[in-house]
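A.B. asks: This one is structure.csv, CSV, C-alpha atoms and all ligand atoms.
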```csv
chain,number,residue,atom,x,y,z
A,1,MET,CA,0.0,0.0,0.0
A,2,LEU,CA,1.3,3.4,-0.9
A,3,LEU,CA,1.7,5.8,1.9
A,4,ALA,CA,0.3,9.2,1.3
A,5,LYS,CA,2.9,11.9,1.6
A,6,ARG,CA,1.0,14.5,3.7
A,7,ARG,CA,1.7,17.8,2.1
A,8,ARG,CA,-0.2,21.1,2.3
A,9,PHE,CA,-1.7,22.0,-1.0
A,10,ASP,CA,-1.5,25.7,-1.3
A,11,GLN,CA,-2.8,26.4,-4.7
A,12,LYS,CA,-4.6,29.8,-4.4
A,13,TRP,CA,-7.3,31.4,-6.5
A,14,PRO,CA,-6.0,33.3,-9.5
A,15,GLU,CA,-7.6,36.5,-8.3
A,16,GLN,CA,-5.3,36.4,-5.3
A,17,GLY,CA,-2.4,36.8,-7.7
A,18,TRP,CA,-1.1,33.3,-7.4
A,19,GLU,CA,0.2,31.2,-10.2
A,20,LEU,CA,-1.9,28.1,-10.8
A,21,ASP,CA,0.4,25.1,-10.8
A,22,VAL,CA,-0.6,22.9,-13.7
A,23,PRO,CA,-0.7,19.4,-12.3
A,24,GLN,CA,0.7,16.4,-14.0
A,25,LEU,CA,-2.0,14.6,-15.7
A,26,VAL,CA,-2.6,11.0,-14.7
A,27,PRO,CA,-3.9,8.5,-17.3
A,28,HIS,CA,-7.4,7.4,-16.6
A,29,ARG,CA,-6.5,3.7,-16.0
A,30,ASP,CA,-3.9,4.7,-13.4
A,31,ARG,CA,-6.2,7.0,-11.5
A,32,ARG,CA,-6.5,6.1,-7.8
A,33,PHE,CA,-6.7,8.1,-4.7
A,34,GLU,CA,-3.8,8.2,-2.3
A,35,PRO,CA,-4.5,6.1,0.7
A,36,ALA,CA,-5.6,7.9,3.8
A,37,ALA,CA,-3.1,9.2,6.3
A,38,ALA,CA,-2.8,6.6,9.1
A,39,SER,CA,-3.3,9.0,12.0
A,40,VAL,CA,-5.3,12.1,12.7
A,41,ARG,CA,-2.3,14.2,13.9
A,42,ASP,CA,-2.9,16.7,11.1
A,43,ILE,CA,-6.5,17.1,11.9
A,44,ARG,CA,-7.6,20.3,13.5
A,45,PRO,CA,-10.8,20.9,15.5
A,46,GLY,CA,-13.4,23.4,14.3
A,47,SER,CA,-11.8,26.7,15.3
A,48,PRO,CA,-9.2,27.9,12.7
A,49,GLU,CA,-6.9,29.0,15.5
A,50,ALA,CA,-6.8,25.6,17.1
A,51,SER,CA,-3.3,24.2,17.3
A,52,SER,CA,-2.3,21.1,15.3
A,53,GLY,CA,-1.4,17.9,17.0
A,54,ALA,CA,-4.9,17.5,18.3
A,55,GLU,CA,-5.9,13.9,19.1
A,56,THR,CA,-9.0,12.1,17.9
A,57,GLY,CA,-10.8,12.7,21.2
A,58,GLU,CA,-10.2,16.5,21.1
A,59,ILE,CA,-11.5,16.7,17.6
A,60,ALA,CA,-14.5,14.6,18.4
A,61,GLU,CA,-15.2,16.9,21.4
A,62,GLY,CA,-14.9,20.0,19.2
A,63,LEU,CA,-17.3,18.4,16.7
A,64,LEU,CA,-19.8,17.7,19.4
A,65,ARG,CA,-19.5,21.2,20.9
A,66,ASP,CA,-19.3,23.3,17.7
A,67,GLY,CA,-21.1,21.0,15.2
A,68,TYR,CA,-18.2,21.0,12.8
A,69,ALA,CA,-14.5,20.2,12.5
A,70,VAL,CA,-11.9,21.0,9.9
A,71,LEU,CA,-9.6,18.1,9.0
A,72,ASN,CA,-6.5,19.3,7.1
A,73,GLY,CA,-3.9,17.3,5.3
A,74,LEU,CA,-5.9,14.1,4.9
A,75,PHE,CA,-5.5,14.0,1.1
A,76,ALA,CA,-2.4,14.8,-0.9
A,77,GLU,CA,-2.3,17.3,-3.8
A,78,THR,CA,-2.2,14.5,-6.4
A,79,ALA,CA,-5.3,12.9,-4.9
A,80,VAL,CA,-7.1,16.3,-5.1
A,81,GLU,CA,-6.0,16.8,-8.7
A,82,GLN,CA,-7.1,13.3,-9.7
A,83,ALA,CA,-10.4,13.7,-8.0
A,84,ARG,CA,-11.0,17.1,-9.8
A,85,ARG,CA,-10.1,15.5,-13.1
A,86,CYS,CA,-12.4,12.5,-12.5
A,87,VAL,CA,-15.4,14.8,-11.7
A,88,LEU,CA,-14.8,17.0,-14.8
A,89,GLU,CA,-14.3,14.0,-17.1
A,90,ASN,CA,-17.6,12.7,-15.9
A,91,SER,CA,-19.4,16.0,-15.8
A,92,SER,CA,-22.1,14.9,-18.3
A,93,LEU,CA,-23.6,13.0,-15.3
A,94,LEU,CA,-24.2,16.3,-13.5
A,95,ARG,CA,-27.3,18.3,-14.0
A,96,ASN,CA,-27.7,22.1,-14.1
A,97,THR,CA,-30.0,22.9,-11.1
A,98,ARG,CA,-29.0,26.5,-10.5
A,99,PRO,CA,-29.2,29.7,-12.6
A,100,ASN,CA,-25.5,29.7,-13.1
A,101,PRO,CA,-25.0,27.8,-16.4
A,102,SER,CA,-21.8,26.1,-15.1
A,103,ALA,CA,-23.5,24.9,-11.9
A,104,GLY,CA,-23.8,21.1,-11.8
A,105,HIS,CA,-25.1,18.6,-9.3
A,106,LEU,CA,-25.2,14.8,-9.1
A,107,ALA,CA,-27.1,13.4,-6.1
A,108,GLY,CA,-26.2,9.8,-5.1
A,109,PHE,CA,-23.0,9.8,-7.1
A,110,HIS,CA,-21.8,6.6,-5.3
A,111,ARG,CA,-24.2,4.7,-7.6
A,112,TYR,CA,-22.0,5.4,-10.6
A,113,PRO,CA,-19.0,3.0,-11.0
A,114,ALA,CA,-17.0,5.8,-12.7
A,115,LEU,CA,-17.3,7.9,-9.5
A,116,GLU,CA,-17.6,5.2,-6.8
A,117,HIS,CA,-13.9,5.4,-5.8
A,118,LEU,CA,-14.4,9.1,-4.9
A,119,HIS,CA,-17.1,8.0,-2.4
A,120,ALA,CA,-14.8,5.3,-0.9
A,121,MET,CA,-12.1,8.0,-0.5
A,122,LEU,CA,-14.3,9.7,2.0
A,123,SER,CA,-16.3,6.9,3.5
A,124,THR,CA,-13.3,4.7,4.3
A,125,GLN,CA,-10.9,7.4,5.4
A,126,PRO,CA,-9.5,6.2,8.8
A,127,GLY,CA,-9.1,9.6,10.3
A,128,VAL,CA,-12.6,10.6,9.5
A,129,LEU,CA,-14.0,7.3,10.8
A,130,ASP,CA,-12.0,7.5,14.1
A,131,VAL,CA,-13.4,10.9,14.8
A,132,LEU,CA,-17.0,10.0,13.9
A,133,LYS,CA,-17.0,6.8,15.9
A,134,LYS,CA,-15.7,8.7,18.9
A,135,ALA,CA,-18.3,11.5,18.5
A,136,THR,CA,-21.2,9.1,18.0
A,137,GLY,CA,-20.0,6.5,20.5
A,138,SER,CA,-20.5,3.9,17.8
A,139,ALA,CA,-18.4,0.8,16.9
A,140,PHE,CA,-19.5,1.3,13.3
A,141,MET,CA,-20.4,4.1,11.0
A,142,GLN,CA,-23.0,3.7,8.3
A,143,SER,CA,-23.3,5.3,4.9
A,144,ILE,CA,-26.9,6.4,4.5
A,145,GLY,CA,-26.9,6.8,0.7
A,146,LEU,CA,-26.9,10.6,0.7
A,147,SER,CA,-23.9,11.6,-1.4
A,148,ASP,CA,-23.4,14.6,-3.7
A,149,ILE,CA,-21.0,16.0,-6.2
A,150,THR,CA,-21.4,19.7,-6.8
A,151,VAL,CA,-19.7,22.0,-9.2
A,152,ASN,CA,-20.1,25.8,-8.9
A,153,ARG,CA,-23.3,25.3,-7.0
A,154,SER,CA,-24.7,28.0,-4.8
A,155,GLN,CA,-26.2,27.1,-1.3
A,156,GLU,CA,-28.1,29.5,0.8
A,157,TRP,CA,-28.7,28.9,4.6
A,158,HIS,CA,-29.9,25.4,5.3
A,159,VAL,CA,-29.4,22.4,7.5
A,160,ASP,CA,-28.6,19.0,5.9
A,161,LEU,CA,-31.5,17.3,7.6
A,162,LEU,CA,-34.4,16.2,5.3
A,163,ARG,CA,-36.6,19.3,4.7
A,164,GLY,CA,-39.7,20.4,3.0
A,165,LYS,CA,-41.6,17.5,1.5
A,166,TYR,CA,-39.4,14.9,3.2
A,167,ARG,CA,-39.4,16.3,6.8
A,168,HIS,CA,-42.1,13.9,7.9
A,169,HIS,CA,-39.4,11.2,8.1
A,170,LEU,CA,-37.9,13.2,11.1
A,171,ASN,CA,-39.2,14.5,14.4
A,172,SER,CA,-37.7,16.5,17.1
A,173,ARG,CA,-36.9,13.5,19.3
A,174,ILE,CA,-35.0,11.8,16.5
A,175,CYS,CA,-33.1,15.1,15.7
A,176,TRP,CA,-32.7,16.8,19.1
A,177,GLY,CA,-33.8,14.3,21.7
A,178,ALA,CA,-31.5,12.5,24.2
A,179,ASP,CA,-30.3,10.0,21.5
A,180,GLY,CA,-30.8,12.6,18.7
A,181,GLY,CA,-28.2,13.5,16.1
A,182,GLY,CA,-25.1,11.3,15.5
A,183,VAL,CA,-25.2,11.9,11.7
A,184,TYR,CA,-22.5,13.8,9.9
A,185,LYS,CA,-21.7,15.2,6.5
A,186,VAL,CA,-18.2,14.5,5.3
A,187,LEU,CA,-17.4,17.3,2.9
A,188,LEU,CA,-14.2,17.3,0.7
A,189,TYR,CA,-13.1,20.6,-0.8
A,190,LEU,CA,-11.2,20.1,-4.0
A,191,GLN,CA,-9.9,23.7,-3.9
A,192,SER,CA,-9.0,26.3,-1.3
A,193,GLY,CA,-11.7,28.8,-0.3
A,194,GLN,CA,-13.7,30.5,2.3
A,195,SER,CA,-17.2,30.2,1.1
A,196,LEU,CA,-18.6,28.1,4.0
A,197,ARG,CA,-20.3,30.0,6.8
A,198,ILE,CA,-21.7,28.3,9.8
A,199,VAL,CA,-23.2,29.1,13.2
A,200,PRO,CA,-21.0,27.2,15.7
A,201,GLY,CA,-22.9,25.2,18.3
A,202,ALA,CA,-26.3,25.9,16.7
A,203,HIS,CA,-26.8,22.2,15.8
A,204,ILE,CA,-28.3,21.5,19.2
A,205,LYS,CA,-31.1,24.0,18.7
A,206,ALA,CA,-34.2,22.7,17.0
A,207,VAL,CA,-35.1,24.4,13.7
A,208,ASP,CA,-38.3,24.2,11.7
A,209,LEU,CA,-37.7,22.0,8.7
A,210,ASP,CA,-40.6,23.5,6.6
A,211,SER,CA,-38.3,25.9,4.8
A,212,ASP,CA,-34.7,26.8,4.5
A,213,ARG,CA,-35.5,30.4,5.6
A,214,LYS,CA,-35.9,29.1,9.1
A,215,SER,CA,-32.2,28.1,9.2
A,216,GLU,CA,-31.0,31.7,8.5
A,217,PRO,CA,-29.2,33.0,11.6
A,218,GLU,CA,-31.1,35.8,13.5
A,219,ASP,CA,-27.9,37.3,14.8
A,220,PRO,CA,-25.2,37.8,12.1
A,221,SER,CA,-22.5,38.2,14.7
A,222,GLU,CA,-22.9,34.4,15.5
A,223,VAL,CA,-21.7,33.5,12.0
A,224,THR,CA,-18.2,32.1,11.4
A,225,THR,CA,-16.5,31.8,8.1
A,226,VAL,CA,-14.6,28.6,7.6
A,227,ASN,CA,-11.3,28.6,5.7
A,228,VAL,CA,-10.4,25.5,3.8
A,229,THR,CA,-7.4,24.4,1.9
A,230,ALA,CA,-7.7,22.1,-1.1
A,231,GLY,CA,-8.0,18.5,0.1
A,232,ALA,CA,-9.5,19.6,3.5
A,233,VAL,CA,-12.4,17.6,4.8
A,234,ILE,CA,-15.1,19.3,6.9
A,235,LEU,CA,-17.1,17.2,9.2
A,236,MET,CA,-20.5,18.8,9.9
A,237,ASP,CA,-23.4,17.7,12.1
A,238,ILE,CA,-26.3,17.6,9.6
A,239,ARG,CA,-28.3,19.7,12.1
A,240,LEU,CA,-25.9,22.6,11.8
A,241,PRO,CA,-27.2,25.7,10.0
A,242,HIS,CA,-24.7,26.7,7.2
A,243,ARG,CA,-24.4,28.2,3.8
A,244,GLY,CA,-22.0,28.0,0.9
A,245,SER,CA,-21.4,30.4,-2.0
A,246,SER,CA,-24.0,32.7,-3.4
A,247,GLU,CA,-25.0,32.9,-7.1
A,248,ARG,CA,-23.3,36.2,-7.2
A,249,GLU,CA,-20.0,34.9,-5.9
A,250,LEU,CA,-20.1,32.0,-8.4
A,251,SER,CA,-20.9,34.3,-11.3
A,252,ASN,CA,-17.2,35.4,-11.2
A,253,GLY,CA,-15.7,34.0,-14.5
A,254,ASP,CA,-12.8,32.5,-12.5
A,255,PHE,CA,-15.1,29.7,-11.5
A,256,LEU,CA,-15.6,28.8,-15.1
A,257,ALA,CA,-11.9,28.5,-15.6
A,258,SER,CA,-11.3,26.7,-12.3
A,259,PRO,CA,-14.6,25.3,-10.9
A,260,LYS,CA,-15.5,25.0,-7.3
A,261,ILE,CA,-16.0,21.2,-6.7
A,262,LEU,CA,-17.2,19.6,-3.6
A,263,ILE,CA,-17.6,15.9,-2.9
A,264,SER,CA,-19.7,14.8,0.1
A,265,THR,CA,-21.3,11.9,1.8
A,266,VAL,CA,-23.2,11.4,5.0
A,267,LEU,CA,-22.2,8.9,7.7
A,268,GLY,CA,-24.3,8.1,10.8
A,269,GLY,CA,-23.7,6.1,13.9
A,270,GLU,CA,-25.0,2.6,13.1
A,271,SER,CA,-27.6,2.3,15.7
A,272,ARG,CA,-28.7,6.0,16.0
A,273,PRO,CA,-32.4,6.7,15.2
A,274,LEU,CA,-31.5,9.7,13.0
A,275,THR,CA,-29.3,7.4,10.8
A,276,ALA,CA,-32.2,5.1,10.0
A,277,ALA,CA,-34.7,8.0,9.5
A,278,MET,CA,-32.4,9.9,7.2
A,279,GLU,CA,-31.6,6.8,5.2
A,280,LYS,CA,-35.3,6.0,4.6
A,281,GLY,CA,-36.3,9.6,3.7
A,282,ASN,CA,-33.3,10.2,1.5
A,283,PHE,CA,-34.1,7.1,-0.5
A,284,GLU,CA,-37.4,8.8,-1.4
A,285,ARG,CA,-35.7,12.1,-2.1
A,286,LEU,CA,-33.1,10.4,-4.3
A,287,LEU,CA,-35.8,8.7,-6.4
A,288,ASP,CA,-37.5,12.0,-6.9
A,289,TRP,CA,-34.3,13.7,-7.7
A,290,ASP,CA,-33.6,11.2,-10.5
A,291,THR,CA,-37.1,11.6,-11.9
A,292,ARG,CA,-37.0,15.3,-11.8
A,293,HIS,CA,-33.6,15.7,-13.3
A,294,ARG,CA,-33.5,12.9,-15.9
A,295,GLU,CA,-34.4,15.2,-18.7
A,296,GLN,CA,-32.8,18.3,-17.3
A,297,GLY,CA,-30.0,20.2,-19.0
A,298,ARG,CA,-26.4,19.0,-18.5
A,299,ILE,CA,-23.6,21.4,-17.7
A,300,PRO,CA,-21.2,22.4,-20.5
A,301,GLN,CA,-17.8,20.7,-20.7
A,302,LEU,CA,-15.6,22.5,-18.2
A,303,PRO,CA,-11.8,22.8,-18.6
A,304,LEU,CA,-10.0,19.9,-17.1
A,305,ASN,CA,-7.8,21.6,-14.6
B,401,LIG,O1,-20.7,25.3,-0.7
B,401,LIG,C1,-20.4,25.0,0.4
B,401,LIG,O2,-19.3,25.3,0.9
B,401,LIG,C2,-21.4,24.2,1.3
B,401,LIG,C3,-22.0,23.1,0.6
B,401,LIG,C4,-23.1,22.5,1.4
B,401,LIG,O3,-23.9,23.1,2.1
B,401,LIG,C5,-23.4,21.1,1.3
B,401,LIG,O4,-22.8,20.4,0.5
B,401,LIG,O5,-24.2,20.6,2.1
B,402,FE,FE,-25.2,21.7,3.2
```
Can the structure in the file be given as C-alpha cells, please?

C.D. replies:
Amino acid sequence: MLLAKRRRFDQKWPEQGWELDVPQLVPHRDRRFEPAAASVRDIRPGSPEASSGAETGEIAEGLLRDGYAVLNGLFAETAVEQARRCVLENSSLLRNTRPNPSAGHLAGFHRYPALEHLHAMLSTQPGVLDVLKKATGSAFMQSIGLSDITVNRSQEWHVDLLRGKYRHHLNSRICWGADGGGVYKVLLYLQSGQSLRIVPGAHIKAVDLDSDRKSEPEDPSEVTTVNVTAGAVILMDIRLPHRGSSERELSNGDFLASPKILISTVLGGESRPLTAAMEKGNFERLLDWDTRHREQGRIPQLPLN
C-alpha cells in the first residue's frame, strides 16, 4: 500500500495573484486516490486558530460542541487533482439545477462506478471514521446513501436534515432528543476557499424543517467563516445551519476556468435513530431527484484543470 505523503496543498485562487500550478495529468486507468493518512495528527478541530497535534478525542469533542471540525492534510495534492479530473471528465452525469450555467449537481454519485472510488475515498478514510466513531459512540459508522458532487453550486442557509416534503421522516426527538443527532456530512473541498459560513454550536437548537428560511441566523454576529485548503475535509453535524457560495459569488468568471468542486457523503452512527430515518427519507428524495432531473440540461464541458 502506498503511503500518502502529507503535504499542504496551497494552490490559491487566480484573483489572489497566485500562479496556478498545472498538475501532471494521470492517465485514466492509473487513477487512484492516495491512501488515507494513518493517523489524525494533522486534523484540527473546528476553530481555525486551534493548534495542530490534536488527538481524535479532542477533535470529536470539538465536533460535538461546535457542530463542525476541519480536517486538514488528509488528502495529498495528487489525490485532489485526480479527483477534480475525474469529476470533470464525468461532468455529463451532472445536472444544471441552478441559474449559473456552469452549476452542476449529481445526487447519489456513489451509484455510478466511474465515481464510486471518490465516495470510498471519504467513507473509508480512517481519520474521518475514528473521529466520527468517537463522536457518535458507535463501533461502526454507516453510509446512508446521501452523497453529492457539486460544481459551482450555490447554497443559501440550510441544514442538511431532510426538509420540506421529506421532513415527515424526522421528528424533534430523533433530531434533538436524548439520543438525537449522530449523523455527519463528510465534505471534501477540491480547492481552497472561504465560502462556508456556519453558526458554531447551533446544531443543538431545534429548527423548523418546513423551509430553509428558518435556518437563517437571527444574529449575524454568530456567523463564522470557515477557511479550507484544497483537500480539506469538513465534518459537519447535519443539524448545523450553514451556507456556501451565493449565485453572485459564483458568477465570477474565474469559477468557469477553475470550478469549485465539492464531494460529500453522509455517515451516521450505526444504531442511531437519525441514521435510520435519514436513510429512509433520503431514498425517497433520491428517487424524486432522479425523476425530476433525468431530462434536465447538462452542464457544459468545463476545462480539465
Ligand atoms: O458550498 C459549500 O461550501 C457548502 C455546501 C453544502 O452546504 C453542502 O454540501 O451541504
Ligand atoms: Fe449543506

A.B. asks: Can you tell me which residues sit at most 8 Å away from ligand FE 402 (chain B), counting only C-alpha atoms and all ligand atoms, written as a list in words?

C.D. replies: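 The residues near ligand FE 402 (chain B) are Gln155, His158, Val159, Asp160, Ile238, His242, Arg243 and Gly244 of chain A.
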
A.B. asks: Based on the selection just made, write C-alpha atoms of those residues as a CSV table (one decimal), in the coordinates of the input.

C.D. replies:
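Dumped to part_21.csv:
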```csv
chain,number,residue,atom,x,y,z
A,155,GLN,CA,-26.2,27.1,-1.3
A,158,HIS,CA,-29.9,25.4,5.3
A,159,VAL,CA,-29.4,22.4,7.5
A,160,ASP,CA,-28.6,19.0,5.9
A,238,ILE,CA,-26.3,17.6,9.6
A,242,HIS,CA,-24.7,26.7,7.2
A,243,ARG,CA,-24.4,28.2,3.8
A,244,GLY,CA,-22.0,28.0,0.9
```

A.B. asks: Give me, as a Markdown table, the closest atom pair and its distance (Å, one decimal) for every residue of segment 123-200 of chain A within a cut-off of 8 Å of segment 268-277 of chain A, counting only C-alpha atoms, rows sorted by chain and rising number.

C.D. replies:
```
| residue | atom | partner | partner_atom | distance |
| --- | --- | --- | --- | --- |
| A:Leu132 | CA | A:Gly269 | CA | 7.8 |
| A:Lys133 | CA | A:Gly269 | CA | 7.0 |
| A:Thr136 | CA | A:Gly269 | CA | 5.7 |
| A:Gly137 | CA | A:Gly269 | CA | 7.6 |
| A:Ser138 | CA | A:Gly269 | CA | 5.5 |
| A:Ala139 | CA | A:Glu270 | CA | 7.8 |
| A:Phe140 | CA | A:Glu270 | CA | 5.7 |
| A:Met141 | CA | A:Gly269 | CA | 4.8 |
| A:Gln142 | CA | A:Gly268 | CA | 5.2 |
| A:Ser143 | CA | A:Gly268 | CA | 6.6 |
| A:Ile144 | CA | A:Thr275 | CA | 6.8 |
| A:His169 | CA | A:Ala277 | CA | 5.9 |
| A:Leu170 | CA | A:Ala277 | CA | 6.3 |
| A:Ile174 | CA | A:Leu274 | CA | 5.4 |
| A:Cys175 | CA | A:Leu274 | CA | 6.2 |
| A:Asp179 | CA | A:Arg272 | CA | 7.0 |
| A:Gly180 | CA | A:Leu274 | CA | 6.4 |
| A:Gly181 | CA | A:Leu274 | CA | 5.9 |
| A:Gly182 | CA | A:Gly269 | CA | 5.6 |
| A:Val183 | CA | A:Gly268 | CA | 4.0 |
| A:Tyr184 | CA | A:Gly268 | CA | 6.0 |
```

A.B. asks: Could you list, as a count of residues only, all residues that come within 9 Å of ligand LIG 401 (chain B)? Count all atoms listed in the file.

C.D. replies: 36

A.B. asks: Could you check the closest approach to Leu129 of chain A for each of A:Asn282, A:Thr224, A:Thr56, A:Gln301 and tell me which residue wins, using only C-alpha atoms?

C.D. replies: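 Under the stated criterion, the closest residue is A:Thr56.
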
A.B. asks: So what do you get for atom CA of Glu89 of chain A versus atom CA of Gly145 of chain A, distance-wise?

C.D. replies: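 Separation of atom CA of Glu89 of chain A and atom CA of Gly145 of chain A: 23.0 Å.
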
A.B. asks: As lines of an AutoDock Vina configuration file, please: the centre and edge lengths in Å, to one decimal, of an axis-aligned box enclosing every listed atom of segment 234-253 of chain A with 5 Å added on each side.

C.D. replies:
```
center_x = -21.7
center_y = 26.7
center_z = -1.2
size_x = 23.2
size_y = 29.0
size_z = 36.6
```

A.B. asks: What would the list of residues within 12 Å of (-14.4, 4.0, -2.3) (file frame) look like as a PDB file with C-alpha atoms, keeping the file's coordinate frame, if all atoms listed in the file are what count?

C.D. replies:
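Below is the file that was written, selection39.pdb:
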```pdb
ATOM      1  CA  ARG A  32      -6.500   6.100  -7.800  1.00  0.00           C
ATOM      2  CA  PHE A  33      -6.700   8.100  -4.700  1.00  0.00           C
ATOM      3  CA  GLU A  34      -3.800   8.200  -2.300  1.00  0.00           C
ATOM      4  CA  PRO A  35      -4.500   6.100   0.700  1.00  0.00           C
ATOM      5  CA  ALA A  36      -5.600   7.900   3.800  1.00  0.00           C
ATOM      6  CA  ALA A  83     -10.400  13.700  -8.000  1.00  0.00           C
ATOM      7  CA  PHE A 109     -23.000   9.800  -7.100  1.00  0.00           C
ATOM      8  CA  HIS A 110     -21.800   6.600  -5.300  1.00  0.00           C
ATOM      9  CA  ARG A 111     -24.200   4.700  -7.600  1.00  0.00           C
ATOM     10  CA  TYR A 112     -22.000   5.400 -10.600  1.00  0.00           C
ATOM     11  CA  PRO A 113     -19.000   3.000 -11.000  1.00  0.00           C
ATOM     12  CA  ALA A 114     -17.000   5.800 -12.700  1.00  0.00           C
ATOM     13  CA  LEU A 115     -17.300   7.900  -9.500  1.00  0.00           C
ATOM     14  CA  GLU A 116     -17.600   5.200  -6.800  1.00  0.00           C
ATOM     15  CA  HIS A 117     -13.900   5.400  -5.800  1.00  0.00           C
ATOM     16  CA  LEU A 118     -14.400   9.100  -4.900  1.00  0.00           C
ATOM     17  CA  HIS A 119     -17.100   8.000  -2.400  1.00  0.00           C
ATOM     18  CA  ALA A 120     -14.800   5.300  -0.900  1.00  0.00           C
ATOM     19  CA  MET A 121     -12.100   8.000  -0.500  1.00  0.00           C
ATOM     20  CA  LEU A 122     -14.300   9.700   2.000  1.00  0.00           C
ATOM     21  CA  SER A 123     -16.300   6.900   3.500  1.00  0.00           C
ATOM     22  CA  THR A 124     -13.300   4.700   4.300  1.00  0.00           C
ATOM     23  CA  GLN A 125     -10.900   7.400   5.400  1.00  0.00           C
ATOM     24  CA  SER A 143     -23.300   5.300   4.900  1.00  0.00           C
ATOM     25  CA  THR A 265     -21.300  11.900   1.800  1.00  0.00           C
TER      26      THR A 265
END
```

A.B. asks: So what do you get for atom CA of Gly67 of chain A versus atom CA of Pro259 of chain A, distance-wise?

C.D. replies: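 Value for the atom CA of Gly67 of chain A-atom CA of Pro259 of chain A distance: 27.2 Å.
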
A.B. asks: With distances taken over only C-alpha atoms, which residue among A:Lys214, A:Trp176, A:Trp289, A:Phe255 lies nearest Gly108 of chain A?

C.D. replies: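 The answer is A:Trp289, which sits nearest to Gly108 of chain A.
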
A.B. asks: Pick out the residues sitting within 8 Å of Glu61 of chain A, and hand them over as a tab-separated table (two decimals) with C-alpha atoms, in the coordinates of the input; count all atoms listed in the file, and ignore anything fewer than 4 positions along from it in its own chain.

C.D. replies:
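File produced: out_22.tsv:
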```
chain	number	residue	atom	x	y	z
A	57	GLY	CA	-10.80	12.70	21.20
A	65	ARG	CA	-19.50	21.20	20.90
A	135	ALA	CA	-18.30	11.50	18.50
```

A.B. asks: Start from the incomplete input, build N, CA and C atoms for segment 263-281 of chain A, and deliver everything as a compact mmCIF listing (two decimals), in the coordinates of the input.

C.D. replies:
```txt
# COMPACT_ATOMS: atom_id res chain seq x y z
N ILE A 263 -17.20 17.27 -2.94
CA ILE A 263 -17.60 15.90 -2.90
C ILE A 263 -18.07 15.59 -1.49
N SER A 264 -19.25 15.02 -1.32
CA SER A 264 -19.70 14.80 0.10
C SER A 264 -20.46 13.48 0.20
N THR A 265 -20.42 12.98 1.42
CA THR A 265 -21.30 11.90 1.80
C THR A 265 -21.76 12.09 3.20
N VAL A 266 -22.69 11.26 3.64
CA VAL A 266 -23.20 11.40 5.00
C VAL A 266 -23.06 10.05 5.72
N LEU A 267 -22.43 10.11 6.88
CA LEU A 267 -22.20 8.90 7.70
C LEU A 267 -22.93 9.07 9.03
N GLY A 268 -23.59 8.01 9.47
CA GLY A 268 -24.30 8.10 10.80
C GLY A 268 -23.86 6.94 11.66
N GLY A 269 -23.93 7.17 12.96
CA GLY A 269 -23.70 6.10 13.90
C GLY A 269 -24.69 4.98 13.63
N GLU A 270 -24.18 3.75 13.61
CA GLU A 270 -25.00 2.60 13.10
C GLU A 270 -26.28 2.37 13.79
N SER A 271 -26.36 2.65 15.07
CA SER A 271 -27.60 2.30 15.70
C SER A 271 -28.42 3.60 16.12
N ARG A 272 -28.06 4.73 15.59
CA ARG A 272 -28.70 6.00 16.00
C ARG A 272 -30.06 6.12 15.19
N PRO A 273 -31.12 6.53 15.86
CA PRO A 273 -32.40 6.70 15.20
C PRO A 273 -32.36 7.63 13.99
N LEU A 274 -31.55 8.69 14.10
CA LEU A 274 -31.50 9.70 13.00
C LEU A 274 -30.86 9.03 11.73
N THR A 275 -29.93 8.10 11.93
CA THR A 275 -29.30 7.40 10.80
C THR A 275 -30.38 6.68 9.99
N ALA A 276 -31.19 5.91 10.69
CA ALA A 276 -32.20 5.10 10.00
C ALA A 276 -33.26 6.01 9.34
N ALA A 277 -33.67 7.06 10.03
CA ALA A 277 -34.70 8.00 9.50
C ALA A 277 -34.18 8.70 8.25
N MET A 278 -32.95 9.16 8.32
CA MET A 278 -32.40 9.90 7.20
C MET A 278 -32.20 8.95 5.98
N GLU A 279 -31.80 7.71 6.26
CA GLU A 279 -31.60 6.80 5.20
C GLU A 279 -32.91 6.52 4.41
N LYS A 280 -33.96 6.33 5.19
CA LYS A 280 -35.30 6.00 4.60
C LYS A 280 -35.78 7.25 3.78
N GLY A 281 -35.74 8.41 4.41
CA GLY A 281 -36.30 9.60 3.70
C GLY A 281 -35.42 10.00 2.54
```
